[in-house]
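Trainee: Input structure: my_file_19.cif, which contains mmCIF, C-alpha atoms.
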```cif
data_run
#
loop_
_atom_site.group_PDB
_atom_site.id
_atom_site.type_symbol
_atom_site.label_atom_id
_atom_site.label_comp_id
_atom_site.auth_asym_id
_atom_site.auth_seq_id
_atom_site.Cartn_x
_atom_site.Cartn_y
_atom_site.Cartn_z
ATOM 1 C CA MET A 1 21.190 1.393 -7.770
ATOM 2 C CA ASP A 2 23.840 3.766 -6.496
ATOM 3 C CA ASN A 3 21.453 6.642 -5.846
ATOM 4 C CA ILE A 4 22.054 9.173 -3.095
ATOM 5 C CA TYR A 5 19.195 9.506 -0.611
ATOM 6 C CA ILE A 6 18.078 12.038 1.989
ATOM 7 C CA GLU A 7 17.191 10.335 5.276
ATOM 8 C CA TYR A 8 14.702 12.000 7.632
ATOM 9 C CA ASP A 9 14.581 10.835 11.244
ATOM 10 C CA PHE A 10 11.133 11.656 12.693
ATOM 11 C CA LYS A 11 10.482 11.551 16.458
ATOM 12 C CA ILE A 12 6.704 11.174 16.879
ATOM 13 C CA SER A 13 4.486 11.372 19.976
ATOM 14 C CA PRO A 14 2.054 9.727 20.189
ATOM 15 C CA LYS A 15 3.153 7.371 17.407
ATOM 16 C CA GLU A 16 -0.326 6.248 16.325
ATOM 17 C CA PRO A 17 -2.117 7.213 14.193
ATOM 18 C CA ALA A 18 0.407 9.967 13.437
ATOM 19 C CA THR A 19 2.920 7.598 11.825
ATOM 20 C CA GLU A 20 0.391 6.257 9.312
ATOM 21 C CA ILE A 21 -0.827 9.738 8.432
ATOM 22 C CA LEU A 22 2.737 11.017 8.018
ATOM 23 C CA VAL A 23 3.642 8.077 5.744
ATOM 24 C CA ALA A 24 0.670 8.833 3.512
ATOM 25 C CA GLU A 25 1.505 12.527 3.247
ATOM 26 C CA LEU A 26 5.221 11.941 2.626
ATOM 27 C CA GLY A 27 4.404 9.377 -0.051
ATOM 28 C CA GLU A 28 2.454 12.073 -1.883
ATOM 29 C CA VAL A 29 5.547 14.291 -2.214
ATOM 30 C CA GLY A 30 7.990 11.615 -3.346
ATOM 31 C CA PHE A 31 9.319 9.759 -0.295
ATOM 32 C CA GLU A 32 9.975 6.140 -1.274
ATOM 33 C CA SER A 33 10.715 4.173 1.870
ATOM 34 C CA PHE A 34 9.766 4.171 5.539
ATOM 35 C CA VAL A 35 11.277 2.228 8.418
ATOM 36 C CA GLU A 36 9.482 2.400 11.763
ATOM 37 C CA ASN A 37 11.467 2.392 15.007
ATOM 38 C CA GLU A 38 10.794 2.847 18.713
ATOM 39 C CA THR A 39 10.626 6.648 18.620
ATOM 40 C CA GLY A 40 8.989 7.180 15.233
ATOM 41 C CA MET A 41 10.357 6.358 11.825
ATOM 42 C CA LEU A 42 12.988 6.946 9.168
ATOM 43 C CA ALA A 43 11.868 8.224 5.756
ATOM 44 C CA TYR A 44 13.897 8.241 2.551
ATOM 45 C CA ILE A 45 13.716 10.264 -0.660
ATOM 46 C CA GLN A 46 16.125 10.375 -3.592
ATOM 47 C CA LYS A 47 18.312 13.459 -3.527
ATOM 48 C CA ASN A 48 17.300 14.248 -7.104
ATOM 49 C CA ASP A 49 13.656 14.482 -5.983
ATOM 50 C CA TRP A 50 14.343 16.475 -2.820
ATOM 51 C CA PHE A 51 14.040 20.242 -2.365
ATOM 52 C CA GLU A 52 14.463 22.477 0.665
ATOM 53 C CA THR A 53 10.778 23.258 1.223
ATOM 54 C CA ILE A 54 9.503 19.712 0.601
ATOM 55 C CA LEU A 55 7.854 19.476 4.035
ATOM 56 C CA ASP A 56 6.086 22.843 3.909
ATOM 57 C CA ASP A 57 2.751 21.327 2.860
ATOM 58 C CA ILE A 58 2.848 18.283 5.168
ATOM 59 C CA PHE A 59 -0.279 19.009 7.189
ATOM 60 C CA ILE A 60 0.376 16.734 10.152
ATOM 61 C CA LEU A 61 3.626 18.541 11.015
ATOM 62 C CA ASN A 62 1.500 21.544 11.975
ATOM 63 C CA SER A 63 -1.110 19.561 13.918
ATOM 64 C CA ASP A 64 -1.634 20.331 17.613
ATOM 65 C CA GLU A 65 -2.534 16.671 18.243
ATOM 66 C CA PHE A 66 1.001 15.352 17.831
ATOM 67 C CA GLU A 67 4.562 16.322 18.650
ATOM 68 C CA ILE A 68 6.826 15.627 15.686
ATOM 69 C CA GLU A 69 10.500 16.564 15.534
ATOM 70 C CA TYR A 70 12.911 15.661 12.779
ATOM 71 C CA HIS A 71 16.346 16.079 11.336
ATOM 72 C CA PHE A 72 17.762 14.934 8.013
ATOM 73 C CA HIS A 73 21.039 14.137 6.325
ATOM 74 C CA GLU A 74 22.401 12.674 3.115
ATOM 75 C CA VAL A 75 23.126 8.953 2.895
ATOM 76 C CA ALA A 76 24.522 6.667 0.219
ATOM 77 C CA GLN A 77 22.469 3.731 -1.040
ATOM 78 C CA THR A 78 21.709 1.499 1.929
ATOM 79 C CA ASN A 79 21.549 -2.258 2.250
ATOM 80 C CA TRP A 80 17.767 -2.232 2.423
ATOM 81 C CA ASN A 81 17.440 -5.940 3.162
ATOM 82 C CA GLU A 82 19.621 -5.438 6.233
ATOM 83 C CA GLU A 83 17.536 -2.433 7.324
ATOM 84 C CA TRP A 84 14.283 -4.344 6.944
ATOM 85 C CA GLU A 85 15.683 -7.363 8.762
ATOM 86 C CA LYS A 86 16.436 -5.107 11.729
ATOM 87 C CA ASN A 87 13.085 -3.301 11.698
ATOM 88 C CA PHE A 88 10.415 -5.327 9.862
ATOM 89 C CA GLU A 89 8.191 -7.195 12.306
ATOM 90 C CA PRO A 90 5.957 -10.100 11.179
ATOM 91 C CA ILE A 91 2.221 -9.483 11.361
ATOM 92 C CA GLN A 92 -0.956 -11.532 11.439
ATOM 93 C CA VAL A 93 -4.397 -10.654 10.111
ATOM 94 C CA ASP A 94 -7.375 -12.087 12.030
ATOM 95 C CA ASP A 95 -5.248 -15.062 13.128
ATOM 96 C CA LEU A 96 -5.615 -16.396 9.583
ATOM 97 C CA VAL A 97 -2.952 -14.663 7.476
ATOM 98 C CA SER A 98 0.736 -14.515 8.307
ATOM 99 C CA ILE A 99 2.852 -11.854 6.581
ATOM 100 C CA ARG A 100 6.529 -12.261 7.299
ATOM 101 C CA ALA A 101 10.020 -12.014 5.903
ATOM 102 C CA PRO A 102 12.017 -15.181 5.141
ATOM 103 C CA PHE A 103 14.009 -14.840 8.364
ATOM 104 C CA HIS A 104 10.899 -14.840 10.602
ATOM 105 C CA GLU A 105 9.541 -17.940 12.305
ATOM 106 C CA ASN A 106 6.537 -19.536 10.591
ATOM 107 C CA PRO A 107 3.440 -19.282 12.846
ATOM 108 C CA ASN A 108 1.646 -21.924 10.716
ATOM 109 C CA LEU A 109 -1.565 -20.015 10.086
ATOM 110 C CA GLN A 110 -4.014 -20.908 7.312
ATOM 111 C CA TYR A 111 -2.424 -18.482 4.847
ATOM 112 C CA GLN A 112 1.218 -17.462 4.588
ATOM 113 C CA ILE A 113 2.817 -14.641 2.581
ATOM 114 C CA ILE A 114 6.582 -14.129 2.557
ATOM 115 C CA ILE A 115 7.901 -10.761 1.410
ATOM 116 C CA GLU A 116 11.125 -8.795 1.179
ATOM 117 C CA PRO A 117 9.684 -5.261 1.282
ATOM 118 C CA LYS A 118 12.845 -3.346 0.357
ATOM 119 C CA MET A 119 11.749 0.165 -0.694
ATOM 120 C CA SER A 120 8.118 -0.581 -1.589
ATOM 121 C CA PHE A 121 4.822 0.218 0.068
ATOM 122 C CA GLY A 122 2.263 -2.292 1.321
ATOM 123 C CA THR A 123 3.931 -4.525 3.882
ATOM 124 C CA GLY A 124 0.667 -5.289 5.658
ATOM 125 C CA HIS A 125 1.581 -3.043 8.573
ATOM 126 C CA HIS A 126 -0.302 -0.118 7.123
ATOM 127 C CA GLU A 127 -4.007 -0.028 8.020
ATOM 128 C CA THR A 128 -5.154 0.124 4.414
ATOM 129 C CA THR A 129 -3.295 -3.029 3.353
ATOM 130 C CA HIS A 130 -4.471 -4.801 6.516
ATOM 131 C CA MET A 131 -8.122 -3.959 5.752
ATOM 132 C CA MET A 132 -7.785 -5.004 2.114
ATOM 133 C CA ILE A 133 -6.590 -8.426 3.224
ATOM 134 C CA GLN A 134 -9.654 -8.644 5.477
ATOM 135 C CA HIS A 135 -11.905 -7.849 2.505
ATOM 136 C CA LEU A 136 -10.196 -10.513 0.391
ATOM 137 C CA LEU A 137 -10.646 -13.056 3.196
ATOM 138 C CA GLU A 138 -14.402 -12.578 2.848
ATOM 139 C CA LEU A 139 -14.507 -13.110 -0.931
ATOM 140 C CA ASP A 140 -14.695 -16.241 -3.055
ATOM 141 C CA LEU A 141 -11.845 -15.613 -5.493
ATOM 142 C CA GLU A 142 -11.673 -19.031 -7.124
ATOM 143 C CA ASN A 143 -10.906 -18.521 -10.845
ATOM 144 C CA LYS A 144 -11.751 -14.816 -10.602
ATOM 145 C CA LYS A 145 -9.927 -12.298 -12.789
ATOM 146 C CA VAL A 146 -8.283 -9.783 -10.438
ATOM 147 C CA LEU A 147 -6.463 -6.468 -10.763
ATOM 148 C CA ASP A 148 -4.184 -5.161 -7.988
ATOM 149 C CA MET A 149 -3.853 -1.469 -8.859
ATOM 150 C CA GLY A 150 -1.001 0.298 -7.056
ATOM 151 C CA CYS A 151 0.375 -3.083 -6.037
ATOM 152 C CA GLY A 152 3.326 -1.920 -3.890
ATOM 153 C CA THR A 153 5.004 -5.115 -2.704
ATOM 154 C CA GLY A 154 2.498 -7.276 -4.598
ATOM 155 C CA ILE A 155 1.092 -8.589 -1.342
ATOM 156 C CA LEU A 156 -2.590 -8.295 -2.308
ATOM 157 C CA ALA A 157 -2.046 -9.897 -5.713
ATOM 158 C CA ILE A 158 -0.174 -12.731 -4.018
ATOM 159 C CA PHE A 159 -2.972 -13.255 -1.509
ATOM 160 C CA ALA A 160 -5.546 -13.224 -4.312
ATOM 161 C CA GLU A 161 -3.701 -16.066 -6.052
ATOM 162 C CA ILE A 162 -3.395 -17.987 -2.791
ATOM 163 C CA LYS A 163 -7.198 -17.764 -2.582
ATOM 164 C CA GLY A 164 -7.588 -19.176 -6.089
ATOM 165 C CA ALA A 165 -7.796 -16.108 -8.322
ATOM 166 C CA LYS A 166 -6.434 -16.270 -11.873
ATOM 167 C CA PRO A 167 -5.349 -14.531 -13.977
ATOM 168 C CA ILE A 168 -4.145 -11.525 -11.964
ATOM 169 C CA ASP A 169 -2.632 -8.244 -13.125
ATOM 170 C CA ALA A 170 -0.519 -6.180 -10.704
ATOM 171 C CA ILE A 171 0.282 -2.580 -11.689
ATOM 172 C CA ASP A 172 2.342 0.141 -10.033
ATOM 173 C CA ILE A 173 3.806 3.349 -11.420
ATOM 174 C CA ASP A 174 6.901 3.114 -9.183
ATOM 175 C CA GLU A 175 9.946 1.196 -10.477
ATOM 176 C CA TRP A 176 10.890 -0.055 -7.001
ATOM 177 C CA CYS A 177 7.394 -1.451 -6.518
ATOM 178 C CA TYR A 178 7.419 -3.079 -9.949
ATOM 179 C CA THR A 179 10.728 -4.815 -9.284
ATOM 180 C CA ASN A 180 9.899 -5.770 -5.703
ATOM 181 C CA SER A 181 6.510 -7.207 -6.710
ATOM 182 C CA ILE A 182 8.167 -9.501 -9.249
ATOM 183 C CA GLU A 183 10.629 -10.716 -6.607
ATOM 184 C CA ASN A 184 7.899 -11.341 -4.023
ATOM 185 C CA ILE A 185 5.667 -13.115 -6.545
ATOM 186 C CA GLU A 186 8.532 -15.472 -7.387
ATOM 187 C CA ARG A 187 9.291 -15.970 -3.693
ATOM 188 C CA ASN A 188 5.713 -17.093 -3.072
ATOM 189 C CA ASN A 189 5.731 -19.442 -6.095
ATOM 190 C CA CYS A 190 2.883 -17.622 -7.818
ATOM 191 C CA ASN A 191 2.191 -18.600 -11.430
ATOM 192 C CA HIS A 192 -0.810 -16.502 -12.445
ATOM 193 C CA ILE A 193 0.299 -12.896 -11.776
ATOM 194 C CA ALA A 194 1.553 -10.508 -14.456
ATOM 195 C CA VAL A 195 3.285 -7.337 -13.206
ATOM 196 C CA TYR A 196 3.318 -4.067 -15.141
ATOM 197 C CA GLN A 197 4.878 -0.664 -14.503
ATOM 198 C CA GLY A 198 2.478 2.155 -15.309
ATOM 199 C CA ASP A 199 -0.895 3.680 -14.446
ATOM 200 C CA ALA A 200 -4.577 3.348 -15.385
ATOM 201 C CA SER A 201 -3.739 3.990 -19.050
ATOM 202 C CA LEU A 202 -2.707 0.314 -19.179
ATOM 203 C CA LEU A 203 -6.300 -0.791 -18.559
ATOM 204 C CA VAL A 204 -7.674 -0.243 -22.062
ATOM 205 C CA ASN A 205 -9.915 -3.185 -23.082
ATOM 206 C CA LYS A 206 -9.206 -5.024 -19.808
ATOM 207 C CA LYS A 207 -11.941 -6.815 -17.837
ATOM 208 C CA TYR A 208 -11.859 -8.086 -14.237
ATOM 209 C CA ASP A 209 -14.184 -9.690 -11.709
ATOM 210 C CA VAL A 210 -12.432 -7.967 -8.799
ATOM 211 C CA ILE A 211 -10.373 -4.777 -8.759
ATOM 212 C CA ILE A 212 -8.256 -3.852 -5.731
ATOM 213 C CA ALA A 213 -7.161 -0.208 -5.633
ATOM 214 C CA ASN A 214 -5.206 0.777 -2.520
ATOM 215 C CA ILE A 215 -3.761 4.117 -3.621
ATOM 216 C CA ASN A 216 -4.916 7.565 -2.472
ATOM 217 C CA ARG A 217 -8.061 9.655 -2.684
ATOM 218 C CA ASN A 218 -7.116 11.820 -5.654
ATOM 219 C CA ILE A 219 -6.031 8.937 -7.876
ATOM 220 C CA LEU A 220 -9.098 6.893 -6.892
ATOM 221 C CA LEU A 221 -11.363 9.782 -7.867
ATOM 222 C CA ALA A 222 -9.532 10.373 -11.144
ATOM 223 C CA ASP A 223 -9.573 6.702 -12.169
ATOM 224 C CA MET A 224 -13.011 5.642 -10.875
ATOM 225 C CA LYS A 225 -14.618 5.630 -14.329
ATOM 226 C CA THR A 226 -11.767 3.514 -15.703
ATOM 227 C CA TYR A 227 -12.203 0.985 -12.900
ATOM 228 C CA THR A 228 -15.937 0.766 -13.572
ATOM 229 C CA ASN A 229 -15.384 0.227 -17.280
ATOM 230 C CA CYS A 230 -12.999 -2.623 -16.478
ATOM 231 C CA LEU A 231 -15.401 -4.450 -14.165
ATOM 232 C CA GLU A 232 -17.466 -7.375 -15.369
ATOM 233 C CA LYS A 233 -21.191 -7.432 -14.562
ATOM 234 C CA ASP A 234 -21.671 -7.689 -10.769
ATOM 235 C CA GLY A 235 -17.930 -7.057 -10.371
ATOM 236 C CA ILE A 236 -16.401 -5.948 -7.087
ATOM 237 C CA LEU A 237 -14.239 -2.874 -6.500
ATOM 238 C CA LEU A 238 -12.239 -2.655 -3.261
ATOM 239 C CA LEU A 239 -10.965 0.837 -2.489
ATOM 240 C CA SER A 240 -8.645 2.112 0.224
ATOM 241 C CA GLY A 241 -5.907 4.650 0.847
ATOM 242 C CA PHE A 242 -8.111 7.441 2.211
ATOM 243 C CA TYR A 243 -9.492 8.691 5.530
ATOM 244 C CA GLU A 244 -12.969 8.259 7.001
ATOM 245 C CA GLU A 245 -13.889 11.872 6.230
ATOM 246 C CA ASP A 246 -13.143 11.247 2.536
ATOM 247 C CA LEU A 247 -15.912 8.649 2.128
ATOM 248 C CA PRO A 248 -18.672 11.099 1.046
ATOM 249 C CA ILE A 249 -16.679 12.385 -1.924
ATOM 250 C CA ILE A 250 -15.519 8.864 -2.826
ATOM 251 C CA ASP A 251 -19.079 7.540 -2.587
ATOM 252 C CA GLU A 252 -20.500 10.393 -4.667
ATOM 253 C CA LYS A 253 -18.045 9.635 -7.461
ATOM 254 C CA ALA A 254 -18.685 5.892 -7.180
ATOM 255 C CA SER A 255 -22.460 6.361 -7.386
ATOM 256 C CA LYS A 256 -22.064 8.341 -10.597
ATOM 257 C CA ASN A 257 -20.136 5.390 -12.020
ATOM 258 C CA GLN A 258 -22.658 2.575 -11.442
ATOM 259 C CA LEU A 259 -21.105 1.483 -8.156
ATOM 260 C CA LYS A 260 -23.082 0.702 -5.003
ATOM 261 C CA LEU A 261 -21.467 0.695 -1.562
ATOM 262 C CA TYR A 262 -21.760 -2.740 0.036
ATOM 263 C CA LYS A 263 -19.667 -2.426 3.197
ATOM 264 C CA THR A 264 -16.803 -0.499 4.778
ATOM 265 C CA LYS A 265 -14.023 -1.171 7.264
ATOM 266 C CA THR A 266 -12.223 1.390 9.399
ATOM 267 C CA LYS A 267 -8.954 1.306 11.293
ATOM 268 C CA ASN A 268 -7.250 4.258 13.001
ATOM 269 C CA GLN A 269 -9.043 6.884 10.873
ATOM 270 C CA TRP A 270 -8.355 5.004 7.625
ATOM 271 C CA LEU A 271 -11.247 3.543 5.637
ATOM 272 C CA SER A 272 -11.696 0.833 3.031
ATOM 273 C CA ALA A 273 -14.818 0.335 0.931
ATOM 274 C CA HIS A 274 -16.333 -2.649 -0.881
ATOM 275 C CA TYR A 275 -18.363 -1.606 -3.949
ATOM 276 C CA LYS A 276 -20.406 -3.685 -6.395
ATOM 277 C CA LYS A 277 -21.068 -2.740 -9.999
ATOM 278 C CA GLN A 278 -24.770 -2.252 -10.603
#
```
Represent the structure contained in this file as structure tokens.
Mentor:
Amino acid sequence: MDNIYIEYDFKISPKEPATEILVAELGEVGFESFVENETGMLAYIQKNDWFETILDDIFILNSDEFEIEYHFHEVAQTNWNEEWEKNFEPIQVDDLVSIRAPFHENPNLQYQIIIEPKMSFGTGHHETTHMMIQHLLELDLENKKVLDMGCGTGILAIFAEIKGAKPIDAIDIDEWCYTNSIENIERNNCNHIAVYQGDASLLVNKKYDVIIANINRNILLADMKTYTNCLEKDGILLLSGFYEEDLPIIDEKASKNQLKLYKTKTKNQWLSAHYKKQ
């Protein structure tokens, strides 16, 4: 792709949890890629999607809790693999799951996922993806039908197959995510994952034992009924992509759709929820 991008260089103090919040808000207005660095992060949006007042409604930029400065300029298409190789650090979840790029040393943990993130979301660094992996660690997924909704890099679908799930559907509306998920699935030698580009309209007549939806509050609320309809009896719905203060409105909607809250996890103001279909 020879697209022209606008690069924003954000200087952030303190970095956490401001960086995670800023990523979430920028993702809502069309930013496609984020590369963390020592002083903050770089954020990228296609020039065709950019407009002069795009940051006017980014709440965290007006917060008194953080100091955030930025400048931006136009860049040609970048060698994203090279950028990620310089900036993408391997991570571990609960000393059980290793998430790394091919050029990182193998720590030989129980589970290993190798990804080339490129311009997709869900590298495992973000709190929501990290918590979703923790939820999946706790589940028996052997021969379970799983949906990874808003799959990003495909990391959660890949981990579900590693834990024995099959078949698995992975869906994302973003073309970069769709393409990157296919590449990462092949890299991890997965054989039971089908990737689709689209939204919840693809879920007609589908049934799953476990649905993973790591998206954002508004989409979760809008699609909750669809998720419920797709769950088998006693099915499990894992939700994330929202803040702790959003749980009451999420839970109210879930309760109206035959879902009972089983447990939650929190990390740096982000929350994930494990629901069971009643």
Trainee: I'd like the contact shell of A:Lys15 - 12 Å cut-off, all atoms listed in the file, skipping same-chain residues fewer than 2 positions apart - returned as a PDB file with C-alpha atoms, keeping the file's coordinate frame.
Mentor:
```pdb
ATOM      1  CA  PHE A  10      11.133  11.656  12.693  1.00  0.00           C
ATOM      2  CA  LYS A  11      10.482  11.551  16.458  1.00  0.00           C
ATOM      3  CA  ILE A  12       6.704  11.174  16.879  1.00  0.00           C
ATOM      4  CA  SER A  13       4.486  11.372  19.976  1.00  0.00           C
ATOM      5  CA  PRO A  17      -2.117   7.213  14.193  1.00  0.00           C
ATOM      6  CA  ALA A  18       0.407   9.967  13.437  1.00  0.00           C
ATOM      7  CA  THR A  19       2.920   7.598  11.825  1.00  0.00           C
ATOM      8  CA  GLU A  20       0.391   6.257   9.312  1.00  0.00           C
ATOM      9  CA  ILE A  21      -0.827   9.738   8.432  1.00  0.00           C
ATOM     10  CA  LEU A  22       2.737  11.017   8.018  1.00  0.00           C
ATOM     11  CA  VAL A  23       3.642   8.077   5.744  1.00  0.00           C
ATOM     12  CA  GLU A  36       9.482   2.400  11.763  1.00  0.00           C
ATOM     13  CA  ASN A  37      11.467   2.392  15.007  1.00  0.00           C
ATOM     14  CA  GLU A  38      10.794   2.847  18.713  1.00  0.00           C
ATOM     15  CA  THR A  39      10.626   6.648  18.620  1.00  0.00           C
ATOM     16  CA  GLY A  40       8.989   7.180  15.233  1.00  0.00           C
ATOM     17  CA  MET A  41      10.357   6.358  11.825  1.00  0.00           C
ATOM     18  CA  GLU A  65      -2.534  16.671  18.243  1.00  0.00           C
ATOM     19  CA  PHE A  66       1.001  15.352  17.831  1.00  0.00           C
ATOM     20  CA  GLU A  67       4.562  16.322  18.650  1.00  0.00           C
ATOM     21  CA  ILE A  68       6.826  15.627  15.686  1.00  0.00           C
ATOM     22  CA  GLU A  69      10.500  16.564  15.534  1.00  0.00           C
ATOM     23  CA  ASN A 268      -7.250   4.258  13.001  1.00  0.00           C
TER      24      ASN A 268
END
```
Trainee: Could you please give me, as a PDB file with C-alpha atoms, in the frame of the given file, the residues of protein, DNA or RNA lying at most 7 Å from (-22.9, -5.8, -4.0) in the coordinate frame of the file, considering only C-alpha atoms?
Mentor:
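point_19.pdb written:
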```pdb
ATOM      1  CA  LYS A 260     -23.082   0.702  -5.003  1.00  0.00           C
ATOM      2  CA  TYR A 262     -21.760  -2.740   0.036  1.00  0.00           C
ATOM      3  CA  TYR A 275     -18.363  -1.606  -3.949  1.00  0.00           C
ATOM      4  CA  LYS A 276     -20.406  -3.685  -6.395  1.00  0.00           C
ATOM      5  CA  LYS A 277     -21.068  -2.740  -9.999  1.00  0.00           C
TER       6      LYS A 277
END
```
Trainee: Select, from A:Glu245, A:Glu252, A:Asp57, A:Glu138, the residue with the minimum atom-to-atom distance to A:Leu271, counting all atoms listed in the file.
Mentor: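 Closest to A:Leu271 of all the choices is A:Glu245.
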Trainee: How big is the axis-aligned box around all listed atoms of stretch 68-76 of chain A once 5 Å goes on each side, and where's its centre, in Å to one decimal, as JSON?
Mentor:
```
{"center_x": 15.7, "center_y": 11.6, "center_z": 8.0, "size_x": 27.7, "size_y": 19.9, "size_z": 25.5}
```
Trainee: Hey, what comes out of the PyMOL selection byres ((chain A and resi 202) around 12) on this file? Could you write it as a list in words?
Mentor: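 Residues picked by the PyMOL selection byres ((chain A and resi 202) around 12): Leu147, Met149, Asp169, Ala170, Ile171, Asp172, Ile173, Val195, Tyr196, Gln197, Gly198, Asp199, Ala200, Ser201, Leu203, Val204, Asn205, Lys206, Lys207, Asp223, Thr226, Tyr227 and Cys230 of chain A.
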Trainee: Provide the atom CA of A:Leu137 to atom CA of A:Glu232 distance in Å, to one decimal place.
Mentor: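 Between atom CA of A:Leu137 and atom CA of A:Glu232 the gap works out to 20.6 Å.
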Trainee: Nearest to A:Gln46 among A:Ile6, A:His71, A:Asn62, A:Lys233, with distances taken over all atoms listed in the file: which residue is it?
Mentor: A:Ile6
Trainee: Please report, as JSON lines, each residue of stretch 181-232 of chain A lying at most 12 Å from stretch 25-35 of chain A, together with the nearest pair of atoms and the separation in Å rounded to one decimal; use all atoms listed in the file, and order rows by chain and ascending residue number.
Mentor:
```
{"residue": "A:Ile215", "atom": "CA", "partner": "A:Glu28", "partner_atom": "CA", "distance": 10.2}
{"residue": "A:Asn216", "atom": "CA", "partner": "A:Glu28", "partner_atom": "CA", "distance": 8.7}
{"residue": "A:Arg217", "atom": "CA", "partner": "A:Glu28", "partner_atom": "CA", "distance": 10.8}
{"residue": "A:Asn218", "atom": "CA", "partner": "A:Glu28", "partner_atom": "CA", "distance": 10.3}
{"residue": "A:Ile219", "atom": "CA", "partner": "A:Glu28", "partner_atom": "CA", "distance": 10.9}
```
Trainee: From the options A:Ile168, A:Leu259, A:Ile99, A:Val210, which residue's atoms come nearest to A:His135, counting all atoms listed in the file?
Mentor: A:Val210
Trainee: Nearest to A:Trp176 among A:Cys151, A:Leu247, A:Ile91, A:Ile212, with distances taken over only C-alpha atoms: which residue is it?
Mentor: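 Closest candidate: A:Cys151.
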Trainee: Could you tell me which of A:Tyr111, A:Tyr8, A:Phe59, A:Trp270 comes closest to A:Lys163 if we count all atoms listed in the file?
Mentor: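 Ranking A:Tyr111, A:Tyr8, A:Phe59, A:Trp270 by distance to A:Lys163, first place goes to A:Tyr111.
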Trainee: Residue by residue, what does the PyMOL selection byres ((chain A and resi 156) around 10) grab here? Present the result as an MDAnalysis selection string.
Mentor: chainID A and resid 113 122:124 129:130 132:133 136 147:155 157:162 170 212:214
Trainee: Write the selection just made, keeping C-alpha atoms, as a short mmCIF file (atom, residue, chain, number, x, y, z; two decimals), in the frame of the given file?
Mentor:
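Wrote it out as again_16.cif, contents follow:
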```
data_model
loop_
_atom_site.label_atom_id
_atom_site.label_comp_id
_atom_site.auth_asym_id
_atom_site.auth_seq_id
_atom_site.Cartn_x
_atom_site.Cartn_y
_atom_site.Cartn_z
CA ILE A 113 2.82 -14.64 2.58
CA GLY A 122 2.26 -2.29 1.32
CA THR A 123 3.93 -4.53 3.88
CA GLY A 124 0.67 -5.29 5.66
CA THR A 129 -3.30 -3.03 3.35
CA HIS A 130 -4.47 -4.80 6.52
CA MET A 132 -7.78 -5.00 2.11
CA ILE A 133 -6.59 -8.43 3.22
CA LEU A 136 -10.20 -10.51 0.39
CA LEU A 147 -6.46 -6.47 -10.76
CA ASP A 148 -4.18 -5.16 -7.99
CA MET A 149 -3.85 -1.47 -8.86
CA GLY A 150 -1.00 0.30 -7.06
CA CYS A 151 0.38 -3.08 -6.04
CA GLY A 152 3.33 -1.92 -3.89
CA THR A 153 5.00 -5.12 -2.70
CA GLY A 154 2.50 -7.28 -4.60
CA ILE A 155 1.09 -8.59 -1.34
CA ALA A 157 -2.05 -9.90 -5.71
CA ILE A 158 -0.17 -12.73 -4.02
CA PHE A 159 -2.97 -13.26 -1.51
CA ALA A 160 -5.55 -13.22 -4.31
CA GLU A 161 -3.70 -16.07 -6.05
CA ILE A 162 -3.40 -17.99 -2.79
CA ALA A 170 -0.52 -6.18 -10.70
CA ILE A 212 -8.26 -3.85 -5.73
CA ALA A 213 -7.16 -0.21 -5.63
CA ASN A 214 -5.21 0.78 -2.52
#
```
